[in-house]
>>> print(open('upload02.pdb').read())   # PDB, C-alpha atoms and all ligand atoms
ATOM      1  CA  MET A   1     133.898  85.030 150.686
ATOM      2  CA  LEU A   2     132.710  86.751 153.876
ATOM      3  CA  ARG A   3     133.572  90.125 152.378
ATOM      4  CA  ILE A   4     131.458  89.608 149.235
ATOM      5  CA  LEU A   5     128.555  88.010 151.140
ATOM      6  CA  PRO A   6     126.727  91.350 151.737
ATOM      7  CA  ALA A   7     126.983  92.138 148.015
ATOM      8  CA  ILE A   8     125.540  88.729 147.036
ATOM      9  CA  LEU A   9     122.757  89.197 149.592
ATOM     10  CA  ALA A  10     121.923  92.659 148.233
ATOM     11  CA  ILE A  11     121.809  91.405 144.613
ATOM     12  CA  THR A  12     119.584  88.477 145.616
ATOM     13  CA  LEU A  13     117.182  90.728 147.519
ATOM     14  CA  LEU A  14     117.020  93.464 144.873
ATOM     15  CA  ALA A  15     116.958  91.212 141.786
ATOM     16  CA  PRO A  16     113.230  90.315 141.753
ATOM     17  CA  ALA A  17     112.206  93.998 142.055
ATOM     18  CA  VAL A  18     113.678  94.960 138.668
ATOM     19  CA  PRO A  19     112.337  92.192 136.408
ATOM     20  CA  ALA A  20     108.919  92.381 138.108
ATOM     21  CA  GLN A  21     108.333  95.761 136.426
ATOM     22  CA  GLN A  22     109.198  94.198 133.079
ATOM     23  CA  LYS A  23     107.097  91.077 133.468
ATOM     24  CA  PRO A  24     103.781  90.517 131.681
ATOM     25  CA  LEU A  25     100.705  90.685 133.933
ATOM     26  CA  ARG A  26     100.374  86.932 133.272
ATOM     27  CA  ALA A  27     101.658  84.623 130.538
ATOM     28  CA  PRO A  28     100.669  86.149 127.162
ATOM     29  CA  ASP A  29      98.109  84.109 125.202
ATOM     30  CA  VAL A  30     100.041  84.788 121.990
ATOM     31  CA  HIS A  31     103.718  85.577 121.510
ATOM     32  CA  TRP A  32     104.777  88.792 119.827
ATOM     33  CA  GLU A  33     105.024  88.618 116.046
ATOM     34  CA  PRO A  34     104.555  91.934 114.243
ATOM     35  CA  SER A  35     102.312  92.360 111.198
ATOM     36  CA  GLU A  36     104.349  93.377 108.150
ATOM     37  CA  PRO A  37     103.875  97.009 106.975
ATOM     38  CA  GLU A  38     101.971  95.846 103.838
ATOM     39  CA  ILE A  39      99.587  93.883 106.070
ATOM     40  CA  VAL A  40      99.122  96.847 108.414
ATOM     41  CA  ASP A  41      98.191  99.054 105.422
ATOM     42  CA  ALA A  42      95.776  96.413 104.134
ATOM     43  CA  MET A  43      94.132  96.068 107.583
ATOM     44  CA  LEU A  44      93.635  99.849 107.822
ATOM     45  CA  ASN A  45      92.223  99.990 104.295
ATOM     46  CA  LEU A  46      89.924  97.001 104.829
ATOM     47  CA  ALA A  47      88.518  98.702 107.955
ATOM     48  CA  GLY A  48      88.176 101.961 105.966
ATOM     49  CA  VAL A  49      89.863 103.930 108.788
ATOM     50  CA  ARG A  50      89.045 107.662 108.837
ATOM     51  CA  LYS A  51      90.060 110.663 110.923
ATOM     52  CA  ASP A  52      87.021 110.314 113.217
ATOM     53  CA  ASP A  53      87.779 106.673 114.145
ATOM     54  CA  VAL A  54      89.036 105.303 117.443
ATOM     55  CA  VAL A  55      91.216 102.341 116.472
ATOM     56  CA  TYR A  56      91.988  99.697 119.115
ATOM     57  CA  ASP A  57      94.641  97.017 118.692
ATOM     58  CA  LEU A  58      94.087  94.203 121.195
ATOM     59  CA  GLY A  59      97.589  92.792 121.655
ATOM     60  CA  CYS A  60      99.282  95.810 120.089
ATOM     61  CA  GLY A  61     102.917  94.607 120.120
ATOM     62  CA  ASP A  62     105.149  97.575 119.252
ATOM     63  CA  GLY A  63     102.112  99.770 118.505
ATOM     64  CA  ARG A  64     102.594  99.830 114.742
ATOM     65  CA  ILE A  65      98.899  99.511 113.760
ATOM     66  CA  VAL A  66      97.511 102.353 115.868
ATOM     67  CA  ILE A  67     100.589 104.508 115.153
ATOM     68  CA  GLU A  68     100.083 104.037 111.393
ATOM     69  CA  ALA A  69      96.340 104.794 111.720
ATOM     70  CA  ALA A  70      97.238 108.058 113.474
ATOM     71  CA  ARG A  71     100.085 108.946 111.098
ATOM     72  CA  LYS A  72      98.227 108.173 107.882
ATOM     73  CA  PHE A  73      94.619 109.100 108.709
ATOM     74  CA  GLY A  74      94.837 111.259 111.858
ATOM     75  CA  ALA A  75      92.710 108.651 113.705
ATOM     76  CA  ARG A  76      92.865 108.281 117.472
ATOM     77  CA  GLY A  77      94.177 104.944 118.721
ATOM     78  CA  VAL A  78      94.442 102.740 121.783
ATOM     79  CA  GLY A  79      96.912  99.860 122.017
ATOM     80  CA  ILE A  80      96.495  97.209 124.691
ATOM     81  CA  ASP A  81      99.227  94.713 125.534
ATOM     82  CA  ILE A  82      99.801  92.382 128.477
ATOM     83  CA  ASP A  83     103.573  92.813 128.161
ATOM     84  CA  PRO A  84     104.947  96.068 129.637
ATOM     85  CA  VAL A  85     108.028  95.869 127.394
ATOM     86  CA  ARG A  86     105.767  96.122 124.318
ATOM     87  CA  ILE A  87     103.907  99.071 125.869
ATOM     88  CA  LYS A  88     107.187 100.896 126.535
ATOM     89  CA  GLU A  89     108.282 100.286 122.920
ATOM     90  CA  SER A  90     104.901 101.437 121.607
ATOM     91  CA  LYS A  91     105.137 104.721 123.529
ATOM     92  CA  GLU A  92     108.661 105.332 122.218
ATOM     93  CA  ASN A  93     107.563 104.521 118.658
ATOM     94  CA  ALA A  94     104.587 106.892 118.950
ATOM     95  CA  ARG A  95     106.903 109.656 120.141
ATOM     96  CA  LYS A  96     109.312 109.014 117.228
ATOM     97  CA  ALA A  97     106.379 109.106 114.766
ATOM     98  CA  GLY A  98     105.120 112.354 116.346
ATOM     99  CA  VAL A  99     101.639 110.976 117.122
ATOM    100  CA  GLU A 100     101.696 110.744 120.981
ATOM    101  CA  ARG A 101      98.826 113.235 121.059
ATOM    102  CA  LEU A 102      96.550 110.800 119.191
ATOM    103  CA  VAL A 103      97.458 107.442 120.737
ATOM    104  CA  THR A 104      97.323 105.801 124.168
ATOM    105  CA  PHE A 105      98.958 102.535 125.199
ATOM    106  CA  ARG A 106      97.677 100.483 128.135
ATOM    107  CA  ASN A 107      99.365  97.558 129.878
ATOM    108  CA  GLU A 108      96.263  95.406 130.323
ATOM    109  CA  ASP A 109      94.908  91.942 129.624
ATOM    110  CA  LEU A 110      92.773  92.295 126.481
ATOM    111  CA  PHE A 111      90.049  90.114 128.028
ATOM    112  CA  GLU A 112      89.680  92.610 130.903
ATOM    113  CA  ALA A 113      90.121  95.841 128.935
ATOM    114  CA  LYS A 114      87.394  98.467 128.501
ATOM    115  CA  ILE A 115      86.953  98.744 124.718
ATOM    116  CA  ASP A 116      83.470 100.243 124.291
ATOM    117  CA  ASP A 117      84.639 103.526 122.710
ATOM    118  CA  ALA A 118      86.302 101.688 119.785
ATOM    119  CA  THR A 119      84.973 102.203 116.258
ATOM    120  CA  VAL A 120      87.598  99.841 114.795
ATOM    121  CA  VAL A 121      89.238  96.841 116.516
ATOM    122  CA  MET A 122      92.365  95.184 115.125
ATOM    123  CA  LEU A 123      93.476  91.648 116.043
ATOM    124  CA  TYR A 124      96.492  89.487 115.311
ATOM    125  CA  LEU A 125      96.096  86.704 117.837
ATOM    126  CA  TRP A 126      95.426  82.960 117.705
ATOM    127  CA  PRO A 127      92.232  81.194 116.518
ATOM    128  CA  TRP A 128      91.225  80.128 120.062
ATOM    129  CA  VAL A 129      91.865  83.659 121.392
ATOM    130  CA  ASN A 130      89.587  85.112 118.677
ATOM    131  CA  LEU A 131      86.874  82.628 119.658
ATOM    132  CA  LYS A 132      87.204  83.398 123.374
ATOM    133  CA  LEU A 133      87.132  87.130 122.593
ATOM    134  CA  ARG A 134      84.088  86.949 120.294
ATOM    135  CA  PRO A 135      81.369  87.276 123.011
ATOM    136  CA  LYS A 136      83.148  90.307 124.515
ATOM    137  CA  LEU A 137      83.351  91.989 121.089
ATOM    138  CA  LEU A 138      79.652  91.344 120.379
ATOM    139  CA  GLN A 139      78.569  92.448 123.850
ATOM    140  CA  GLU A 140      80.735  95.534 124.414
ATOM    141  CA  LEU A 141      81.272  97.084 120.980
ATOM    142  CA  LYS A 142      78.737  99.443 119.404
ATOM    143  CA  PRO A 143      76.807  98.169 116.364
ATOM    144  CA  GLY A 144      78.684  99.214 113.228
ATOM    145  CA  THR A 145      82.137  98.820 114.815
ATOM    146  CA  ARG A 146      84.521  97.197 112.341
ATOM    147  CA  VAL A 147      86.647  94.263 113.531
ATOM    148  CA  VAL A 148      89.649  93.231 111.436
ATOM    149  CA  SER A 149      91.742  90.131 112.090
ATOM    150  CA  HIS A 150      95.074  89.205 110.559
ATOM    151  CA  SER A 151      95.346  85.476 109.754
ATOM    152  CA  HIS A 152      92.584  84.041 111.958
ATOM    153  CA  ASP A 153      88.818  83.853 111.545
ATOM    154  CA  MET A 154      85.974  83.747 114.095
ATOM    155  CA  GLY A 155      84.652  80.224 113.551
ATOM    156  CA  ASP A 156      81.014  80.275 112.415
ATOM    157  CA  TRP A 157      80.742  84.112 112.570
ATOM    158  CA  LYS A 158      81.194  84.682 108.845
ATOM    159  CA  PRO A 159      83.201  87.770 107.783
ATOM    160  CA  GLU A 160      81.758  90.556 105.600
ATOM    161  CA  LYS A 161      84.961  90.501 103.582
ATOM    162  CA  GLU A 162      88.083  88.418 103.300
ATOM    163  CA  ILE A 163      91.260  89.327 101.393
ATOM    164  CA  THR A 164      94.685  87.764 100.940
ATOM    165  CA  VAL A 165      97.814  89.909 101.191
ATOM    166  CA  GLN A 166     101.295  88.409 100.841
ATOM    167  CA  GLY A 167      99.752  84.977 101.366
ATOM    168  CA  ASP A 168      98.049  85.971 104.665
ATOM    169  CA  LYS A 169      94.269  86.180 105.125
ATOM    170  CA  ILE A 170      92.720  89.357 106.530
ATOM    171  CA  TYR A 171      89.076  89.313 107.662
ATOM    172  CA  LEU A 172      86.515  92.062 108.292
ATOM    173  CA  TRP A 173      83.394  91.784 110.471
ATOM    174  CA  ILE A 174      80.887  94.474 111.393
ATOM    175  CA  ILE A 175      79.209  94.347 114.809
ATOM    176  CA  PRO A 176      75.491  93.765 114.075
ATOM    177  CA  PRO A 177      72.591  95.624 115.720
ATOM    178  CA  LYS A 178      71.813  94.216 119.200
ATOM    179  CA  GLN A 179      68.364  92.883 118.136
ATOM    180  CA  ALA A 180      69.994  90.873 115.308
ATOM    181  CA  GLN A 181      72.336  89.284 117.885
ATOM    182  CA  ALA A 182      69.401  88.192 120.034
ATOM    183  CA  ARG A 183      67.831  86.206 117.179
TER     184      ARG A 183
HETATM  185  C1  LIG A 201     101.093  88.399 117.198
HETATM  186  S1  LIG A 201     101.410  89.854 118.228
HETATM  187  C2  LIG A 201     100.528  91.107 117.327
HETATM  188  C3  LIG A 201     101.117  92.499 117.464
HETATM  189  C4  LIG A 201     100.396  93.579 116.668
HETATM  190  N1  LIG A 201      98.972  93.549 116.854
HETATM  191  C5  LIG A 201     100.705  93.448 115.202
HETATM  192  O1  LIG A 201      99.835  92.982 114.435
HETATM  193  O2  LIG A 201     101.833  93.800 114.805
HETATM  194  C6  LIG A 201     100.351  89.512 119.657
HETATM  195  C7  LIG A 201     100.519  90.464 120.828
HETATM  196  O3  LIG A 201      99.492  90.176 121.780
HETATM  197  C8  LIG A 201      99.998  90.354 123.090
HETATM  198  N2  LIG A 201      99.143  89.575 123.999
HETATM  199  C9  LIG A 201      99.067  88.226 124.145
HETATM  200  N3  LIG A 201      98.116  87.877 125.032
HETATM  201  C10 LIG A 201      97.560  89.041 125.470
HETATM  202  C11 LIG A 201      96.506  89.355 126.394
HETATM  203  N4  LIG A 201      95.821  88.399 127.042
HETATM  204  N5  LIG A 201      96.195  90.651 126.603
HETATM  205  C12 LIG A 201      96.871  91.644 125.954
HETATM  206  N6  LIG A 201      97.877  91.403 125.074
HETATM  207  C13 LIG A 201      98.215  90.128 124.815
HETATM  208  C14 LIG A 201     101.445  89.864 123.000
HETATM  209  O4  LIG A 201     102.230  90.412 124.038
HETATM  210  C15 LIG A 201     101.844  90.353 121.599
HETATM  211  O5  LIG A 201     102.460  91.629 121.655
END
>>> encode(input="upload02.pdb", output="structure tokens", more="lines below")
Ligand SMILES: C[S@@+](CC[C@H](N)C(=O)[O-])C[C@H]1O[C@@H](n2cnc3c(N)ncnc32)[C@H](O)[C@@H]1O
Amino acid sequence: MLRILPAILAITLLAPAVPAQQKPLRAPDVHWEPSEPEIVDAMLNLAGVRKDDVVYDLGCGDGRIVIEAARKFGARGVGIDIDPVRIKESKENARKAGVERLVTFRNEDLFEAKIDDATVVMLYLWPWVNLKLRPKLLQELKPGTRVVSHSHDMGDWKPEKEITVQGDKIYLWIIPPKQAQAR
């Protein structure tokens, strides 16, 4: 026992250092559940993504939405996720898809993230997260920015469009001019 004691001590001391790098910044508000490819396509089409767009995915999971926007339309993209494991996967997936030049992935809390250069924002979160995020979207995004949400709406902020794909709702909102928000 005495002989293995130093080894046990070393493992105990070193153990927290490794998982700490893999741990989310804090508990995620929503667990990871990827949007199906058909839903991703429908979200990109509903937003009308073009080459000159900057597409953000707040809670980007494995990066599939911004990677597809880059692959299909040549759009630039930014994926934000609180979980570093998802960010690592996203970067690997972007490299495999050959779009690293167009996309950036940031390990950040979406409520703290700088998002003001977005022209399109994608969401697949929870209803209460959408509602908590709503003031930030209205305050920080430029008028005309398109916001698309898979599955969940924004309470009494009525969408411009609403479609159903494979039984799931997808919603589109457009950030109104600032003077319209003040009314
Ligand atoms: C349902 S998944 C959606 C993944 C991707 N957008 C998609 O549609 O395939 C939600 C993602 O949000 C991330 N997430 C949860 N809370 C977050 C927060 N506060 N800030 C950033 N990311 C968060 C989770 O780690 C997870 O990857």
>>> residues_near_ligand(input="upload02.pdb", ligand="ligand LIG 201 (chain A)", cutoff="7 Å", atoms="all atoms listed in the file", output="PyMOL selection string")
chain A and resi 28-35+57-65+80-83+86+108-111+123-125
>>> resolve_selection(input="upload02.pdb", expression="the PyMOL selection byres (((chain A and resi 46) around 10) and not hetatm)", output="list of chain:residue names")
A:Val40, A:Asp41, A:Ala42, A:Met43, A:Leu44, A:Asn45, A:Ala47, A:Gly48, A:Val49, A:Arg146, A:Val147, A:Val148, A:Lys161, A:Glu162, A:Ile163, A:Ile170, A:Tyr171, A:Leu172
>>> residues_around(input="upload02.pdb", residues="Leu138 of chain A", least_positions_apart="5", cutoff="12 Å", atoms="all atoms listed in the file", output="compact mmCIF listing (two decimals) with C-alpha atoms, in the coordinates of the input")
# COMPACT_ATOMS: atom_id res chain seq x y z
CA ILE A 115 86.95 98.74 124.72
CA ASP A 116 83.47 100.24 124.29
CA VAL A 121 89.24 96.84 116.52
CA ASN A 130 89.59 85.11 118.68
CA LEU A 131 86.87 82.63 119.66
CA LYS A 132 87.20 83.40 123.37
CA LEU A 133 87.13 87.13 122.59
CA PRO A 143 76.81 98.17 116.36
CA GLY A 144 78.68 99.21 113.23
CA THR A 145 82.14 98.82 114.82
CA ARG A 146 84.52 97.20 112.34
CA VAL A 147 86.65 94.26 113.53
CA MET A 154 85.97 83.75 114.10
CA TRP A 157 80.74 84.11 112.57
CA TRP A 173 83.39 91.78 110.47
CA ILE A 174 80.89 94.47 111.39
CA ILE A 175 79.21 94.35 114.81
CA PRO A 176 75.49 93.76 114.08
CA PRO A 177 72.59 95.62 115.72
CA LYS A 178 71.81 94.22 119.20
CA GLN A 179 68.36 92.88 118.14
CA ALA A 180 69.99 90.87 115.31
CA GLN A 181 72.34 89.28 117.88
CA ALA A 182 69.40 88.19 120.03
>>> atom_distance(input="upload02.pdb", atom1="atom CA of Lys88 of chain A", atom2="atom CA of Pro127 of chain A")
26.7 Å
>>> resolve_selection(input="upload02.pdb", expression="the PyMOL selection byres (((chain A and resi 95-97) around 12) and not hetatm)", output="PyMOL selection string")
chain A and resi 63-64+66-72+88-94+98-105
>>> write_last_selection(input="upload02.pdb", atoms="C-alpha atoms", output="PDB file, keeping the file's coordinate frame")
ATOM      1  CA  GLY A  63     102.112  99.770 118.505  1.00  0.00           C
ATOM      2  CA  ARG A  64     102.594  99.830 114.742  1.00  0.00           C
ATOM      3  CA  VAL A  66      97.511 102.353 115.868  1.00  0.00           C
ATOM      4  CA  ILE A  67     100.589 104.508 115.153  1.00  0.00           C
ATOM      5  CA  GLU A  68     100.083 104.037 111.393  1.00  0.00           C
ATOM      6  CA  ALA A  69      96.340 104.794 111.720  1.00  0.00           C
ATOM      7  CA  ALA A  70      97.238 108.058 113.474  1.00  0.00           C
ATOM      8  CA  ARG A  71     100.085 108.946 111.098  1.00  0.00           C
ATOM      9  CA  LYS A  72      98.227 108.173 107.882  1.00  0.00           C
ATOM     10  CA  LYS A  88     107.187 100.896 126.535  1.00  0.00           C
ATOM     11  CA  GLU A  89     108.282 100.286 122.920  1.00  0.00           C
ATOM     12  CA  SER A  90     104.901 101.437 121.607  1.00  0.00           C
ATOM     13  CA  LYS A  91     105.137 104.721 123.529  1.00  0.00           C
ATOM     14  CA  GLU A  92     108.661 105.332 122.218  1.00  0.00           C
ATOM     15  CA  ASN A  93     107.563 104.521 118.658  1.00  0.00           C
ATOM     16  CA  ALA A  94     104.587 106.892 118.950  1.00  0.00           C
ATOM     17  CA  GLY A  98     105.120 112.354 116.346  1.00  0.00           C
ATOM     18  CA  VAL A  99     101.639 110.976 117.122  1.00  0.00           C
ATOM     19  CA  GLU A 100     101.696 110.744 120.981  1.00  0.00           C
ATOM     20  CA  ARG A 101      98.826 113.235 121.059  1.00  0.00           C
ATOM     21  CA  LEU A 102      96.550 110.800 119.191  1.00  0.00           C
ATOM     22  CA  VAL A 103      97.458 107.442 120.737  1.00  0.00           C
ATOM     23  CA  THR A 104      97.323 105.801 124.168  1.00  0.00           C
ATOM     24  CA  PHE A 105      98.958 102.535 125.199  1.00  0.00           C
TER      25      PHE A 105
END
>>> atom_distance(input="upload02.pdb", atom1="atom CA of His152 of chain A", atom2="atom CA of Pro37 of chain A")
17.9 Å
>>> resolve_selection(input="upload02.pdb", expression="the PyMOL selection byres (((chain A and resi 77) around 6) and not hetatm)", output="list in words")
Val54, Val55, Tyr56, Val66, Arg76, Val78 and Val103 of chain A
>>> atom_distance(input="upload02.pdb", atom1="atom CA of Gly79 of chain A", atom2="atom CA of Met122 of chain A")
9.5 Å
>>> axis_aligned_box(input="upload02.pdb", around="segment 154-173 of chain A", padding_each_side="5 Å", output="AutoDock Vina command-line options")
--center_x 91.0 --center_y 86.1 --center_z 107.5 --size_x 30.6 --size_y 21.8 --size_z 23.3
>>> closest_residue(input="upload02.pdb", among="A:Asp117, A:Asp52, A:Asp156, A:Glu36", to="Asp168 of chain A", atoms="all atoms listed in the file")
A:Glu36
>>> decode(input="upload02.pdb", residues="segment 105-139 of chain A", atoms="N, CA and C atoms", output="compact mmCIF listing (two decimals), in the first residue's frame")
# COMPACT_ATOMS: atom_id res chain seq x y z
N PHE A 105 -15.57 29.41 -33.95
CA PHE A 105 -16.33 28.84 -32.84
C PHE A 105 -15.78 29.37 -31.53
N ARG A 106 -16.70 29.84 -30.66
CA ARG A 106 -16.29 30.48 -29.41
C ARG A 106 -16.94 29.80 -28.21
N ASN A 107 -16.09 29.45 -27.24
CA ASN A 107 -16.59 28.83 -26.00
C ASN A 107 -17.04 29.94 -25.04
N GLU A 108 -18.31 30.33 -25.18
CA GLU A 108 -18.84 31.44 -24.39
C GLU A 108 -20.28 31.13 -23.97
N ASP A 109 -20.72 31.86 -22.96
CA ASP A 109 -22.13 31.83 -22.56
C ASP A 109 -22.88 32.73 -23.54
N LEU A 110 -23.93 32.22 -24.15
CA LEU A 110 -24.64 33.00 -25.19
C LEU A 110 -25.22 34.30 -24.64
N PHE A 111 -25.51 34.34 -23.33
CA PHE A 111 -26.06 35.57 -22.75
C PHE A 111 -25.01 36.67 -22.62
N GLU A 112 -23.73 36.27 -22.66
CA GLU A 112 -22.63 37.23 -22.49
C GLU A 112 -21.98 37.57 -23.83
N ALA A 113 -22.29 36.79 -24.86
CA ALA A 113 -21.53 36.88 -26.12
C ALA A 113 -21.83 38.18 -26.88
N LYS A 114 -20.79 38.67 -27.57
CA LYS A 114 -20.94 39.83 -28.46
C LYS A 114 -21.51 39.29 -29.78
N ILE A 115 -22.66 39.80 -30.20
CA ILE A 115 -23.34 39.21 -31.37
C ILE A 115 -23.73 40.28 -32.39
N ASP A 116 -23.22 41.53 -32.21
CA ASP A 116 -23.77 42.64 -32.98
C ASP A 116 -23.39 42.66 -34.46
N ASP A 117 -22.45 41.78 -34.88
CA ASP A 117 -22.14 41.74 -36.32
C ASP A 117 -22.97 40.67 -37.05
N ALA A 118 -23.88 40.01 -36.34
CA ALA A 118 -24.72 38.97 -36.98
C ALA A 118 -25.69 39.62 -37.98
N THR A 119 -25.97 38.92 -39.07
CA THR A 119 -27.09 39.31 -39.94
C THR A 119 -28.19 38.24 -39.87
N VAL A 120 -27.80 37.05 -39.37
CA VAL A 120 -28.75 35.96 -39.13
C VAL A 120 -28.38 35.32 -37.80
N VAL A 121 -29.39 35.03 -36.96
CA VAL A 121 -29.14 34.33 -35.69
C VAL A 121 -30.02 33.08 -35.65
N MET A 122 -29.38 31.95 -35.39
CA MET A 122 -30.10 30.67 -35.29
C MET A 122 -30.19 30.23 -33.84
N LEU A 123 -31.34 29.65 -33.47
CA LEU A 123 -31.55 29.20 -32.08
C LEU A 123 -32.22 27.82 -32.09
N TYR A 124 -31.73 26.95 -31.21
CA TYR A 124 -32.48 25.74 -30.87
C TYR A 124 -32.26 25.54 -29.38
N LEU A 125 -33.11 26.20 -28.60
CA LEU A 125 -32.89 26.29 -27.16
C LEU A 125 -34.15 25.79 -26.45
N TRP A 126 -34.54 26.46 -25.38
CA TRP A 126 -35.77 26.15 -24.67
C TRP A 126 -36.65 27.39 -24.68
N PRO A 127 -37.96 27.26 -24.48
CA PRO A 127 -38.84 28.45 -24.50
C PRO A 127 -38.38 29.54 -23.53
N TRP A 128 -38.01 29.17 -22.29
CA TRP A 128 -37.63 30.21 -21.31
C TRP A 128 -36.30 30.86 -21.69
N VAL A 129 -35.43 30.10 -22.38
CA VAL A 129 -34.14 30.68 -22.80
C VAL A 129 -34.40 31.71 -23.91
N ASN A 130 -35.29 31.36 -24.86
CA ASN A 130 -35.67 32.32 -25.91
C ASN A 130 -36.19 33.61 -25.28
N LEU A 131 -37.05 33.46 -24.28
CA LEU A 131 -37.66 34.66 -23.66
C LEU A 131 -36.63 35.50 -22.93
N LYS A 132 -35.69 34.84 -22.27
CA LYS A 132 -34.63 35.57 -21.54
C LYS A 132 -33.68 36.26 -22.53
N LEU A 133 -33.53 35.63 -23.71
CA LEU A 133 -32.60 36.15 -24.72
C LEU A 133 -33.21 37.30 -25.53
N ARG A 134 -34.51 37.35 -25.58
CA ARG A 134 -35.24 38.30 -26.44
C ARG A 134 -34.78 39.76 -26.28
N PRO A 135 -34.65 40.30 -25.06
CA PRO A 135 -34.20 41.70 -24.94
C PRO A 135 -32.80 41.92 -25.51
N LYS A 136 -31.92 40.93 -25.33
CA LYS A 136 -30.55 41.06 -25.87
C LYS A 136 -30.59 41.10 -27.41
N LEU A 137 -31.43 40.24 -28.00
CA LEU A 137 -31.53 40.21 -29.46
C LEU A 137 -32.03 41.57 -29.97
N LEU A 138 -33.08 42.08 -29.33
CA LEU A 138 -33.69 43.35 -29.78
C LEU A 138 -32.74 44.53 -29.57
N GLN A 139 -31.97 44.47 -28.50
CA GLN A 139 -31.07 45.58 -28.17
C GLN A 139 -29.80 45.57 -29.02
